[in-house]
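Asks: One file is attached below, model.txt, containing compact mmCIF, C-alpha atoms and all ligand atoms.
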```
# COMPACT_ATOMS: atom_id res chain seq x y z
CA MET J 105 12.89 -17.90 -5.99
CA ILE J 106 14.95 -20.23 -3.82
CA ILE J 107 14.14 -21.54 -0.36
CA PRO J 108 16.59 -22.77 2.26
CA GLY J 109 17.77 -26.30 1.52
CA ASP J 110 17.25 -26.10 -2.24
CA LYS J 111 19.98 -27.79 -4.26
CA LEU J 112 21.87 -25.24 -6.37
CA ALA J 113 24.87 -27.08 -7.78
CA VAL J 114 27.63 -29.51 -6.89
CA ILE J 115 31.08 -28.44 -5.67
CA GLU J 116 32.69 -29.57 -8.92
CA GLU J 117 30.69 -26.88 -10.77
CA PHE J 118 30.84 -23.89 -8.45
CA GLU J 119 32.35 -22.53 -5.29
CA ALA J 120 29.80 -22.03 -2.52
CA GLY J 121 29.30 -18.28 -1.98
CA GLU J 122 27.19 -16.08 0.22
CA GLY J 123 23.81 -17.51 1.22
CA THR J 124 24.81 -21.12 0.57
CA TYR J 125 26.28 -24.12 2.38
CA VAL J 126 27.84 -27.38 1.29
CA ASP J 127 26.31 -30.66 2.32
CA ASP J 128 27.92 -33.88 1.09
CA GLY J 129 29.32 -32.24 -2.05
CA VAL J 130 26.08 -30.44 -2.84
CA ILE J 131 25.72 -26.66 -2.63
CA ARG J 132 22.41 -25.69 -1.06
CA ALA J 133 20.72 -22.41 -0.18
CA ASN J 134 20.60 -21.32 3.44
CA THR J 135 18.37 -18.32 2.81
CA LEU J 136 15.30 -17.29 0.89
CA GLY J 137 16.35 -15.41 -2.21
CA VAL J 138 17.47 -15.35 -5.80
CA VAL J 139 20.37 -17.34 -7.28
CA HIS J 140 23.31 -15.50 -8.78
CA LYS J 141 25.82 -17.49 -10.80
CA ASN J 142 29.15 -15.73 -11.15
CA PHE J 143 30.65 -17.63 -14.06
CA ALA J 144 33.87 -15.59 -14.12
CA GLU J 145 34.73 -16.65 -10.59
CA ARG J 146 32.75 -19.90 -10.74
CA ARG J 147 30.89 -18.94 -7.62
CA ILE J 148 27.22 -19.40 -6.80
CA GLU J 149 25.37 -17.19 -4.32
CA VAL J 150 21.87 -16.66 -3.02
CA LYS J 151 20.96 -13.02 -2.58
CA ARG J 152 18.25 -12.18 -0.14
CA LYS J 153 15.20 -10.50 -1.61
CA LYS J 154 14.20 -7.23 -0.07
CA THR J 155 10.98 -7.73 1.80
CA VAL J 156 8.13 -5.69 0.41
CA LYS J 157 5.51 -4.72 2.93
CA ILE J 158 2.15 -5.93 1.69
CA PRO J 159 -1.05 -4.37 3.00
CA LYS J 160 -2.83 -6.74 5.36
CA ALA J 161 -6.01 -6.65 7.39
CA GLY J 162 -5.83 -4.06 10.18
CA ASP J 163 -3.18 -1.89 8.52
CA ILE J 164 -3.85 1.82 8.15
CA ILE J 165 -3.16 3.40 4.78
CA ILE J 166 -3.12 6.89 3.37
CA GLY J 167 -3.87 7.11 -0.31
CA GLN J 168 -5.28 9.21 -3.08
CA VAL J 169 -8.63 8.56 -4.68
CA GLU J 170 -8.04 7.59 -8.32
CA SER J 171 -11.58 6.93 -9.36
CA ALA J 172 -14.91 7.22 -7.64
CA GLN J 173 -18.02 6.01 -9.37
CA ALA J 174 -21.14 5.10 -7.44
CA SER J 175 -20.06 2.27 -5.15
CA ASP J 176 -16.67 1.71 -6.79
CA ILE J 177 -13.87 3.80 -5.33
CA SER J 178 -10.23 2.98 -5.94
CA ILE J 179 -7.44 4.45 -3.87
CA ARG J 180 -3.74 4.43 -4.68
CA ILE J 181 -1.83 3.65 -1.51
CA HIS J 182 1.02 6.06 -0.71
CA PHE J 183 1.59 5.31 2.98
CA LEU J 184 1.27 2.03 4.81
CA ASN J 185 1.22 2.37 8.60
CA ASN J 186 2.82 5.82 8.21
CA GLU J 187 5.70 4.53 6.09
CA PRO J 188 5.94 5.52 2.43
CA SER J 189 4.85 2.73 0.10
CA GLN J 190 6.03 3.00 -3.48
CA LYS J 191 4.78 -0.28 -4.80
CA GLY J 192 1.70 1.21 -6.40
CA PHE J 193 -0.82 -0.84 -4.47
CA VAL J 194 -4.41 0.09 -5.19
CA GLY J 195 -7.18 -0.60 -2.74
CA MET J 196 -10.93 -0.70 -3.26
CA LEU J 197 -13.17 1.09 -0.87
CA LEU J 198 -16.31 -0.88 -0.22
CA LEU J 199 -19.13 1.51 0.40
CA ARG J 200 -21.97 -0.61 1.58
CA GLU J 201 -20.71 -0.88 5.13
CA ASP J 202 -19.79 2.79 5.24
CA GLU J 203 -23.06 4.16 3.93
CA ASN J 204 -24.62 4.80 7.29
CA LYS J 205 -21.81 7.07 8.29
CA VAL J 206 -22.26 9.42 5.30
CA GLY J 207 -25.90 8.94 4.45
CA LYS J 208 -27.24 7.05 1.49
CA ASN J 209 -26.25 8.17 -2.01
CA LYS J 210 -23.57 10.50 -0.73
CA ILE J 211 -20.08 9.82 -1.92
CA PRO J 212 -17.63 9.91 1.02
CA CYS J 213 -14.70 11.03 -1.12
CA LYS J 214 -13.93 12.34 -4.60
CA VAL J 215 -11.14 11.88 -7.12
CA GLY J 216 -7.94 13.54 -5.90
CA ASP J 217 -8.82 13.44 -2.21
CA LEU J 218 -6.29 12.11 0.26
CA VAL J 219 -7.92 9.50 2.44
CA ARG J 220 -6.95 7.53 5.51
CA ALA J 221 -8.49 4.06 5.53
CA LYS J 222 -8.19 0.70 7.19
CA VAL J 223 -7.37 -2.47 5.28
CA SER J 224 -10.22 -4.84 5.99
CA ALA J 225 -8.90 -7.68 3.82
CA ASN J 226 -6.29 -8.59 1.25
CA VAL J 227 -7.34 -11.57 -0.83
CA ASP J 228 -4.80 -12.39 -3.55
CA MET J 229 -3.78 -8.72 -3.70
CA ILE J 230 -7.34 -7.50 -4.00
CA ILE J 231 -7.09 -4.97 -1.21
CA ILE J 232 -10.38 -4.07 0.42
CA LEU J 233 -10.46 -0.80 2.34
CA SER J 234 -12.89 0.52 4.90
CA LEU J 235 -13.54 3.93 6.41
CA LEU J 236 -14.90 2.34 9.56
CA CYS J 237 -12.21 3.36 12.01
CA SER J 238 -12.17 6.31 14.37
CA ASN J 239 -9.58 8.39 12.51
CA CYS J 240 -10.39 7.24 8.99
CA GLY J 241 -11.80 9.53 6.35
CA VAL J 242 -10.72 12.30 4.00
CA ILE J 243 -7.71 14.22 5.30
CA TYR J 244 -7.27 16.66 2.41
CA ALA J 245 -9.49 17.72 -0.46
CA VAL J 246 -9.81 20.50 -2.99
CA CYS J 247 -12.88 22.18 -4.43
CA SER J 248 -14.38 20.33 -7.38
CA VAL J 249 -15.45 23.63 -8.95
CA CYS J 250 -12.31 25.76 -8.79
CA GLY J 251 -9.56 23.61 -7.25
CA GLY J 252 -9.32 25.87 -4.19
CA LYS J 253 -8.59 24.60 -0.71
CA LEU J 254 -11.54 23.16 1.20
CA VAL J 255 -11.70 23.98 4.89
CA LYS J 256 -13.79 22.20 7.47
CA MET J 257 -16.97 23.89 8.67
CA ASP J 258 -18.92 21.76 11.15
CA THR J 259 -19.86 18.71 9.08
CA ARG J 260 -19.24 20.27 5.70
CA LEU J 261 -16.32 21.60 3.71
CA LYS J 262 -16.22 25.07 2.26
CA CYS J 263 -13.99 26.36 -0.51
CA VAL J 264 -11.85 29.32 0.57
CA GLU J 265 -11.78 30.61 -3.03
CA CYS J 266 -15.34 30.37 -4.34
CA GLY J 267 -17.46 29.49 -1.31
CA ASN J 268 -18.64 26.20 -2.79
CA ILE J 269 -19.93 23.76 -0.13
CA GLU J 270 -19.02 20.10 -0.42
CA HIS J 271 -19.64 16.96 1.56
CA ARG J 272 -17.08 14.35 2.46
CA LEU J 273 -16.61 11.80 5.16
CA VAL J 274 -13.77 13.68 6.86
CA ALA J 275 -11.25 12.39 9.37
CA PRO J 276 -11.06 14.18 12.75
CA ASP J 277 -7.70 15.69 11.74
CA TYR J 278 -8.85 16.92 8.33
CA GLY J 279 -6.49 19.60 7.02
CA LEU J 280 -3.96 19.07 9.81
CA VAL J 281 -2.04 16.04 8.61
CA LYS J 282 1.69 16.49 8.07
CA PHE J 283 3.38 13.98 5.84
CA PRO J 284 6.63 12.35 6.79
ZN ZN U 301 -13.98 26.57 -5.11
```
Would you mind writing the file's structure down as structure tokens?
Ligand SMILES: [Zn+2]

Replies:
Amino acid sequence: MIIPGDKLAVIEEFEAGEGTYVDDGVIRANTLGVVHKNFAERRIEVKRKKTVKIPKAGDIIIGQVESAQASDISIRIHFLNNEPSQKGFVGMLLLREDENKVGKNKIPCKVGDLVRAKVSANVDMIIILSLLCSNCGVIYAVCSVCGGKLVKMDTRLKCVECGNIEHRLVAPDYGLVKFP
């Protein structure tokens, strides 16, 4: 990784290409990026790195629950602020602060559920998620008995196939979300 101003070479070695400038016989970077040395043409370039959007506090994500055990729920992030995110970020849902909303000892979501959550912190890529926002919660879930579709009935979810009743912390638009 190169930052602007970094010395790359001298003009006797290479020709200054894209993303570089010459200062007193020295080729330096004028952009953040990665060095490419084209030996065939004796040219040195700095190619800009594509910026990857990193989840940060306040962002809204949509993800799928990968594991849910007691107070440890991990969610694979598929959308970040409504844009697809393919970097495979995984967030951890901290339950303590969300307990009051679902009731003690009730799990707000299960493996496979699609969930909308807010990023409450990102500390060295440990992404902490929260369900404490007005439209956060489960947006799609299937029956844990038969895999049928769960539809919202007052505060509970009911399976259209087998009639099984389940509990989740659902978002206001449960079952209505269209994906871009
Ligand atoms: Zn069912």

Asks: Could you give me, as a PDB file with C-alpha atoms, in the coordinates of the input, the residues within 7 Å of J:Leu233, counting all atoms listed in the file and dropping anything in the same chain fewer than 4 positions from it?

Replies:
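See out_8.pdb below for the written result:
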```pdb
ATOM      1  CA  GLY J 195      -7.180  -0.600  -2.740  1.00  0.00           C
ATOM      2  CA  MET J 196     -10.930  -0.700  -3.260  1.00  0.00           C
ATOM      3  CA  LEU J 197     -13.170   1.090  -0.870  1.00  0.00           C
ATOM      4  CA  LEU J 198     -16.310  -0.880  -0.220  1.00  0.00           C
ATOM      5  CA  ALA J 221      -8.490   4.060   5.530  1.00  0.00           C
ATOM      6  CA  LYS J 222      -8.190   0.700   7.190  1.00  0.00           C
ATOM      7  CA  VAL J 223      -7.370  -2.470   5.280  1.00  0.00           C
ATOM      8  CA  SER J 224     -10.220  -4.840   5.990  1.00  0.00           C
TER       9      SER J 224
END
```

Asks: Between J:Val126, J:Ile269, J:Cys240, J:Ala133, which is the closest to J:Gly109 once you count only C-alpha atoms?

Replies: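 Counting only C-alpha atoms, the residue closest to J:Gly109 is J:Ala133.
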
Asks: Residues within 12 Å of ligand ZN 301 (chain U), counting only C-alpha atoms and all ligand atoms: report them as a ChimeraX atom specification.

Replies: /J:245-255,261-270

Asks: Draw an axis-aligned box tight on the listed atoms of stretch 122-132 of chain J, then pad every side by 4 Å and write out centre and edge lengths in Å to one decimal as JSON.

Replies:
```
{"center_x": 25.9, "center_y": -25.0, "center_z": -0.2, "size_x": 14.9, "size_y": 25.8, "size_z": 13.2}
```

Asks: In Å, rounded to a single decimal, give me how far atom CA of J:Glu119 is from atom CA of J:Ala144.

Replies: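 So the two atoms, atom CA of J:Ala144 and atom CA of J:Glu119, lie 11.3 Å apart.
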
Asks: Write out as a list in words which residues come within 8 Å of J:Pro212 when counting only C-alpha atoms, dropping same-chain ones fewer than 4 positions away.

Replies: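 Selected residues are Val206, Gly241, Val242, His271, Arg272, Leu273 and Val274 of chain J.
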
Asks: Could you write out the selected residues, including C-alpha atoms, as a JSON list (two decimals), keeping the file's coordinate frame?

Replies:
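And here is the file that came out, out08.json:
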```json
[["chain", "number", "residue", "atom", "x", "y", "z"],
["J", 206, "VAL", "CA", -22.26, 9.42, 5.30],
["J", 241, "GLY", "CA", -11.80, 9.53, 6.35],
["J", 242, "VAL", "CA", -10.72, 12.30, 4.00],
["J", 271, "HIS", "CA", -19.64, 16.96, 1.56],
["J", 272, "ARG", "CA", -17.08, 14.35, 2.46],
["J", 273, "LEU", "CA", -16.61, 11.80, 5.16],
["J", 274, "VAL", "CA", -13.77, 13.68, 6.86]]
```

Asks: Give me, as an mmCIF file with C-alpha atoms, in the frame of the given file, all polymer residues having an atom no more than 12 Å from J:Asn239, counting all atoms listed in the file and skipping those fewer than 6 positions away in the same chain.

Replies:
```cif
data_model
loop_
_atom_site.group_PDB
_atom_site.id
_atom_site.type_symbol
_atom_site.label_atom_id
_atom_site.label_comp_id
_atom_site.auth_asym_id
_atom_site.auth_seq_id
_atom_site.Cartn_x
_atom_site.Cartn_y
_atom_site.Cartn_z
ATOM 1 C CA ILE J 164 -3.850 1.820 8.150
ATOM 2 C CA ILE J 165 -3.160 3.400 4.780
ATOM 3 C CA ILE J 166 -3.120 6.890 3.370
ATOM 4 C CA VAL J 219 -7.920 9.500 2.440
ATOM 5 C CA ARG J 220 -6.950 7.530 5.510
ATOM 6 C CA ALA J 221 -8.490 4.060 5.530
ATOM 7 C CA LYS J 222 -8.190 0.700 7.190
ATOM 8 C CA LEU J 273 -16.610 11.800 5.160
ATOM 9 C CA VAL J 274 -13.770 13.680 6.860
ATOM 10 C CA ALA J 275 -11.250 12.390 9.370
ATOM 11 C CA PRO J 276 -11.060 14.180 12.750
ATOM 12 C CA ASP J 277 -7.700 15.690 11.740
ATOM 13 C CA TYR J 278 -8.850 16.920 8.330
ATOM 14 C CA VAL J 281 -2.040 16.040 8.610
#
```

Asks: What is the atom CA of J:Arg147 to atom CA of J:Phe118 distance in Å?

Replies: 5.0 Å

Asks: Do you have the atom CA of J:Met257-atom CA of J:Gly167 distance handy?

Replies: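 Interatomic distance, atom CA of J:Met257 to atom CA of J:Gly167: 23.1 Å.
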
Asks: Using only C-alpha atoms, determine which residues lie at most 6 Å from J:Gly121, disregarding the query and same-chain residues fewer than 3 positions distant; provide the list as a ChimeraX atom specification.

Replies: /J:124,147-149

Asks: Leaving out stretch 157-160 of chain J and any residue of its chain fewer than 3 positions from it, which residues lie within 10 Å of it when counting only C-alpha atoms, given as a count of residues only?

Replies: 23

Asks: Considering only C-alpha atoms, can you say which of J:Thr259, J:Asn134, J:Ser234, J:Ser178 comes closest to J:Gly162?

Replies: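 Smallest distance to J:Gly162 is found for J:Ser234.
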
Asks: Between J:Ala120, J:Ile177, J:Val139, J:Ile115, which one has atoms that come closest to J:Asp217, using all atoms listed in the file?

Replies: J:Ile177

Asks: My structure is short of atoms at stretch 227-238 of chain J; please model all heavy atoms there, returning them as a CSV table (one decimal), in the coordinates of the input.

Replies:
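selection_25.csv, freshly written:
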```csv
chain,number,residue,atom,x,y,z
J,227,VAL,N,-7.1,-10.2,-0.3
J,227,VAL,CA,-7.3,-11.6,-0.8
J,227,VAL,C,-6.7,-11.6,-2.2
J,227,VAL,O,-7.2,-11.0,-3.1
J,227,VAL,CB,-8.8,-11.9,-1.0
J,227,VAL,CG1,-9.0,-13.3,-1.5
J,227,VAL,CG2,-9.6,-11.7,0.4
J,228,ASP,N,-5.5,-12.3,-2.3
J,228,ASP,CA,-4.8,-12.4,-3.6
J,228,ASP,C,-4.5,-11.0,-4.1
J,228,ASP,O,-4.8,-10.8,-5.3
J,228,ASP,CB,-5.5,-13.3,-4.6
J,228,ASP,CG,-5.7,-14.7,-4.1
J,228,ASP,OD1,-4.8,-15.1,-3.3
J,228,ASP,OD2,-6.6,-15.4,-4.5
J,229,MET,N,-4.1,-10.1,-3.3
J,229,MET,CA,-3.8,-8.7,-3.7
J,229,MET,C,-5.0,-7.9,-4.2
J,229,MET,O,-4.8,-6.8,-4.8
J,229,MET,CB,-2.7,-8.7,-4.7
J,229,MET,CG,-1.3,-9.1,-4.2
J,229,MET,SD,-0.9,-8.4,-2.6
J,229,MET,CE,-0.7,-6.7,-3.1
J,230,ILE,N,-6.2,-8.4,-3.9
J,230,ILE,CA,-7.3,-7.5,-4.0
J,230,ILE,C,-7.5,-6.9,-2.6
J,230,ILE,O,-7.9,-7.6,-1.7
J,230,ILE,CB,-8.6,-8.3,-4.5
J,230,ILE,CG1,-8.3,-8.8,-5.9
J,230,ILE,CG2,-9.8,-7.3,-4.5
J,230,ILE,CD1,-9.4,-9.7,-6.4
J,231,ILE,N,-7.2,-5.6,-2.5
J,231,ILE,CA,-7.1,-5.0,-1.2
J,231,ILE,C,-8.4,-4.2,-1.0
J,231,ILE,O,-8.8,-3.3,-1.7
J,231,ILE,CB,-5.9,-4.0,-1.2
J,231,ILE,CG1,-4.6,-4.8,-1.4
J,231,ILE,CG2,-5.8,-3.3,0.2
J,231,ILE,CD1,-3.4,-3.9,-1.9
J,232,ILE,N,-9.1,-4.7,0.1
J,232,ILE,CA,-10.4,-4.1,0.4
J,232,ILE,C,-10.2,-3.1,1.6
J,232,ILE,O,-9.6,-3.4,2.6
J,232,ILE,CB,-11.4,-5.2,0.9
J,232,ILE,CG1,-11.5,-6.3,-0.2
J,232,ILE,CG2,-12.8,-4.5,1.1
J,232,ILE,CD1,-12.0,-5.9,-1.5
J,233,LEU,N,-10.6,-1.9,1.3
J,233,LEU,CA,-10.5,-0.8,2.3
J,233,LEU,C,-11.8,-0.4,3.0
J,233,LEU,O,-12.8,-0.6,2.4
J,233,LEU,CB,-9.9,0.4,1.7
J,233,LEU,CG,-8.5,0.3,1.0
J,233,LEU,CD1,-8.1,1.6,0.3
J,233,LEU,CD2,-7.4,-0.1,2.0
J,234,SER,N,-11.7,0.1,4.2
J,234,SER,CA,-12.9,0.5,4.9
J,234,SER,C,-12.6,1.9,5.6
J,234,SER,O,-11.5,2.2,5.9
J,234,SER,CB,-13.2,-0.5,6.0
J,234,SER,OG,-14.1,0.0,6.9
J,235,LEU,N,-13.7,2.7,5.7
J,235,LEU,CA,-13.5,3.9,6.4
J,235,LEU,C,-14.1,3.8,7.8
J,235,LEU,O,-14.2,4.8,8.5
J,235,LEU,CB,-14.3,5.0,5.7
J,235,LEU,CG,-13.7,5.4,4.3
J,235,LEU,CD1,-14.6,6.5,3.7
J,235,LEU,CD2,-12.3,5.9,4.4
J,236,LEU,N,-14.4,2.6,8.2
J,236,LEU,CA,-14.9,2.3,9.6
J,236,LEU,C,-13.8,2.2,10.6
J,236,LEU,O,-13.5,1.2,11.1
J,236,LEU,CB,-15.8,1.1,9.6
J,236,LEU,CG,-17.1,1.2,8.9
J,236,LEU,CD1,-17.9,-0.1,9.0
J,236,LEU,CD2,-17.9,2.3,9.4
J,237,CYS,N,-13.1,3.3,10.9
J,237,CYS,CA,-12.2,3.4,12.0
J,237,CYS,C,-12.2,4.8,12.5
J,237,CYS,O,-12.6,5.7,11.7
J,237,CYS,CB,-10.8,2.8,11.7
J,237,CYS,SG,-9.8,4.0,10.8
J,238,SER,N,-11.9,5.0,13.8
J,238,SER,CA,-12.2,6.3,14.4
J,238,SER,C,-11.5,7.5,13.7
J,238,SER,O,-12.0,8.6,13.6
J,238,SER,CB,-11.8,6.3,15.9
J,238,SER,OG,-10.5,5.9,16.0
```
